[in-house]
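Below is one structure, written out as structure tokens, with a few remarks after it.
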Amino acid sequence: MTSTPVDAQADTRLPLRPELAGEEPYGAPQLDVPVLLNVNENPYPPSEAVVASIANAVAEAARGLNRYPDREFRELRTALAGYLEREAQVTGLDADHLWAANGSNEVMLHLLQAFGGPGRTALSFAPTYSMYPEYARDTNTTWVTGRREEDFTLDADRACELIARERPAVVLLPSPNNPTGTALPLETVQRILDVARTSGPIDVANDDAESTSAATPPASVVVIDEAYAEFRREATPSALTLLADNPHLAVTRTMSKAFGMAGARVGYLAAAPALVDALRVVRLPYHLSAVTQAVALAALGHTDELMAQVASLREERDGLVTWLLSQGLDAVPSDANFVLFGRFTDRNAVWEGLLERGVLVRQTGPDGWLRVSVGTPEETAAFKAALVEVLGA
């Protein structure tokens, strides 16, 4: 067998999908600086007790790595259901209502694989999470964006009008929203759910004449992305409370933020069993490794300890908002573990000034704004000192 000459390799054209031409991989800057406050990580590493539990669980899983993992991972789904019932004070969840994957990114991709596709539309309201249009692109789903108000809230009337007009297969609504940190009132979510009950793509054939009229329009799947929900303020409820009456609702969560398990890559959702079953069709075989399942179960066993850290991060966040306002800046009240602040004539200059002082934040969202993750008290102090220097320079 002969190898292809180097010059022939250089002339070979790959059949790349046209919409991917010139695209760059997603990713925030990963720079080696003392204070990393750009990707909304939990700044606290797992305790020795959590590490020990995970190590023991992984060691046990390693003894069976010659076998494929449990592809239905019902033990983990049951544990996640129990956690959500407690965290959101809801009832009626079990393994059939839960789904999990390698980060909430893969959960979102499953949703677009199952309900999006050519000739279908996914919809959200900008500014919002920058990966959403990439999920749409990767599944050949048309991407449509509405606009949020100047204060980053969502006008329910306009949102419902856009959904009714566009007839999306999937509506993606983060709450709290990234990058603004703003949560959606349940009244707004419910109004959208009401409209979405019959606003789905018209290509859907209805063959189940026994359960519903053949003339009934399909629903849009409404995804409430609650990646940061554990950080919400006390008076902010979860959309999980609306799940029982809305079979077209999916509420997504992650273990990356509140649980401090960003490196474990575990995301999940709660939804009606029929919606979960649709995701089981598009998942890859054995997509959730035995090691990942073991790590997630071990971490869930330390929920109380990990949620105590969340409380301290909430306090740090609220204090940071107050401090930013005291400096004459705008800061958006946040239900997440980050704060959007500004407004700067040249935000890149401020970003670079912070970076020169060893503090990395994120340039994202509307022009003139920056986003800073909530860190430890020491990291927050370093950020404040650096920002004062940059603004005074």
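Here, A, B, ... name the chains of the structure tokens in the order displayed, residue numbers run from 1 inside each chain, and ligands are numbered from 1 in the same displayed order.
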If you take only C-alpha atoms and a cut-off of 12 Å, which residues of stretch 199-281 of chain A touch stretch 305-325 of chain A, and what are their nearest atom pairs and distances in Å to one decimal, in chain and number order, as a Markdown table?
```
| residue | atom | partner | partner_atom | distance |
| --- | --- | --- | --- | --- |
| A:Tyr228 | CA | A:Val310 | CA | 10.4 |
| A:Ala229 | CA | A:Val310 | CA | 10.6 |
| A:Glu230 | CA | A:Val310 | CA | 7.2 |
| A:Phe231 | CA | A:Arg314 | CA | 6.1 |
| A:Arg232 | CA | A:Arg314 | CA | 8.0 |
| A:Arg233 | CA | A:Arg314 | CA | 7.8 |
| A:Glu234 | CA | A:Arg314 | CA | 10.1 |
| A:Met255 | CA | A:Leu306 | CA | 10.7 |
| A:Ser256 | CA | A:Leu306 | CA | 11.8 |
| A:Lys257 | CA | A:Val310 | CA | 9.1 |
| A:Ala258 | CA | A:Val310 | CA | 6.1 |
| A:Phe259 | CA | A:Leu306 | CA | 5.8 |
| A:Gly260 | CA | A:Leu306 | CA | 7.8 |
| A:Met261 | CA | A:Leu306 | CA | 10.3 |
```
### Message
Using only C-alpha atoms, which protein or nucleic acid residues come within 10 Å of A:Gly92? Drop anything in the same chain fewer than 4 positions from it, and give the result as a ChimeraX atom specification.
### Response
/A:81-82,85,97,243-244
### Message
If we count only C-alpha atoms and set the cut-off at 9 Å, which residues sit around A:Glu75, ignoring sequence neighbours fewer than 4 positions away in its own chain? Please answer as a ChimeraX atom specification.
### Response
/A:79-80,95,293,297
Give me a file of those residues, with C-alpha atoms, as an mmCIF file, in the first residue's frame.
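File produced: out_20.cif:
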```cif
data_model
loop_
_atom_site.group_PDB
_atom_site.id
_atom_site.type_symbol
_atom_site.label_atom_id
_atom_site.label_comp_id
_atom_site.auth_asym_id
_atom_site.auth_seq_id
_atom_site.Cartn_x
_atom_site.Cartn_y
_atom_site.Cartn_z
ATOM 1 C CA ALA A 79 -31.204 10.318 41.669
ATOM 2 C CA LEU A 80 -31.515 13.446 39.516
ATOM 3 C CA ALA A 95 -36.542 8.304 36.029
ATOM 4 C CA GLN A 293 -22.447 8.007 35.741
ATOM 5 C CA LEU A 297 -23.997 9.772 41.484
#
```
So that each row is one residue of stretch 49-99 of chain A with an atom at most 9 Å from stretch 274-286 of chain A, can you give its shortest atom pair and the distance in Å to one decimal, using only C-alpha atoms, rows by chain and rising number, as CSV?
```
residue,atom,partner,partner_atom,distance
A:Tyr68,CA,A:Tyr286,CA,6.9
A:Pro69,CA,A:Tyr286,CA,6.2
A:Asp70,CA,A:Tyr286,CA,7.0
A:Arg71,CA,A:Tyr286,CA,4.7
A:Glu72,CA,A:Tyr286,CA,8.1
A:Asp96,CA,A:Val276,CA,7.2
A:His97,CA,A:Val276,CA,6.5
A:Leu98,CA,A:Val276,CA,6.8
A:Trp99,CA,A:Val276,CA,6.3
```
Pull C-alpha atoms from the residues just selected and write them as a CSV table (one decimal), in the first residue's frame.
```csv
chain,number,residue,atom,x,y,z
A,68,TYR,CA,-20.6,-1.3,28.1
A,69,PRO,CA,-22.3,1.1,30.5
A,70,ASP,CA,-26.0,1.0,31.4
A,71,ARG,CA,-27.3,2.8,28.4
A,72,GLU,CA,-30.5,3.8,30.2
A,96,ASP,CA,-39.0,8.4,33.1
A,97,HIS,CA,-39.1,12.2,33.4
A,98,LEU,CA,-35.3,12.7,33.3
A,99,TRP,CA,-32.6,12.6,30.7
```
### Query
Hey, what does DSSP flag as alpha helix (DSSP H) within stretch 122-319 of chain A? Can you give it to me as an NGL selection string?
:A and (132-138 or 156-166 or 186-196 or 273-282 or 290-300 or 303-319)
### Sel. of strand (DSSP E or B) residues, stretch 214-383 of chain A, as a count of residues only
31
### Message
Between atom CA of A:Pro217 and atom CA of A:Glu166, what is the distance in Å, rounded to a tenth?
### Response
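For atom CA of A:Pro217 relative to atom CA of A:Glu166, the distance reads 13.6 Å.
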### Query
Out of A:Glu106, A:Glu150, A:Pro45, A:Leu36, which residue has the shortest atom-to-atom distance to A:His287 when counting only C-alpha atoms?
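The closest residue to A:His287 is A:Glu106.
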### Polymer residues at most 7 Å from A:Ile54, only C-alpha atoms, same-chain spacing of 4 or more positions, as a list of chain:residue names
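Here the qualifying residues turn out to be A:Val50, A:Val58, A:Val295, A:Ala298, A:Ala299.
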### Query
With only C-alpha atoms as the basis for distance, which of A:Ala235, A:Thr180, A:Val35, A:Asp346 is at the shortest distance from A:Ala382?
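Of the candidates, the smallest distance to A:Ala382 is held by A:Val35.
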### Separation of atom CA of A:Arg343 from atom CA of A:Glu24 in Å
27.8 Å
### Query
Which value, in Å to one decimal, gives the distance between atom CA of A:Gly116 and atom CA of A:Thr141?
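Between atom CA of A:Gly116 and atom CA of A:Thr141 the gap works out to 5.5 Å.
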### Residue contacts of A:Ala59 (12 Å, only C-alpha atoms) excluding same-chain residues fewer than 6 positions away, as a PyMOL selection string
chain A and resi 52-53+65+290-291+294-295+298
### Query
Neighbours of A:Gly358 within 10 Å (only C-alpha atoms; same-chain residues fewer than 5 positions away dropped), as JSON, numbers by chain?
{"A": [31, 32, 33, 34, 35, 36, 352, 353, 382, 383, 386]}
Selection file, N, CA and C atoms, as a CSV table (one decimal), in the first residue's frame:
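Result saved to out-v9.csv:
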```
chain,number,residue,atom,x,y,z
A,31,LEU,N,-6.6,31.3,28.9
A,31,LEU,CA,-5.4,31.9,29.2
A,31,LEU,C,-4.9,31.6,30.6
A,32,ASP,N,-3.6,31.6,30.7
A,32,ASP,CA,-2.9,31.2,32.0
A,32,ASP,C,-2.7,32.5,32.8
A,33,VAL,N,-3.7,32.9,33.5
A,33,VAL,CA,-3.6,34.1,34.4
A,33,VAL,C,-4.1,33.8,35.8
A,34,PRO,N,-3.7,34.5,36.8
A,34,PRO,CA,-4.0,34.2,38.2
A,34,PRO,C,-5.5,34.1,38.5
A,35,VAL,N,-6.3,35.0,37.9
A,35,VAL,CA,-7.7,35.1,38.3
A,35,VAL,C,-8.6,34.8,37.0
A,36,LEU,N,-9.2,33.7,37.0
A,36,LEU,CA,-10.1,33.3,35.9
A,36,LEU,C,-11.5,33.5,36.2
A,352,GLU,N,-8.7,44.2,28.1
A,352,GLU,CA,-7.2,44.1,28.0
A,352,GLU,C,-6.5,44.6,29.2
A,353,GLY,N,-7.1,45.7,29.8
A,353,GLY,CA,-6.5,46.3,31.0
A,353,GLY,C,-6.6,45.4,32.2
A,382,ALA,N,-9.4,40.9,43.9
A,382,ALA,CA,-8.4,41.1,42.8
A,382,ALA,C,-9.1,41.8,41.6
A,383,PHE,N,-10.3,41.3,41.3
A,383,PHE,CA,-11.0,41.9,40.2
A,383,PHE,C,-11.3,43.4,40.4
A,386,ALA,N,-8.2,45.6,40.2
A,386,ALA,CA,-7.8,45.7,38.8
A,386,ALA,C,-8.7,46.7,38.1
```
### Query
Any idea what's packed within 12 Å of A:Val388, counting only C-alpha atoms, ignoring anything in its chain fewer than 2 positions away? Could you give it as a ChimeraX atom specification?
/A:323-324,326-329,350,353-354,357,381-386,390-393
### Message
Measuring between only C-alpha atoms, which one of A:Asn246, A:Arg120, A:Pro127, A:Arg197 shows the shortest distance to A:Trp369?
### Response
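Selected residue with least distance to A:Trp369: A:Pro127.
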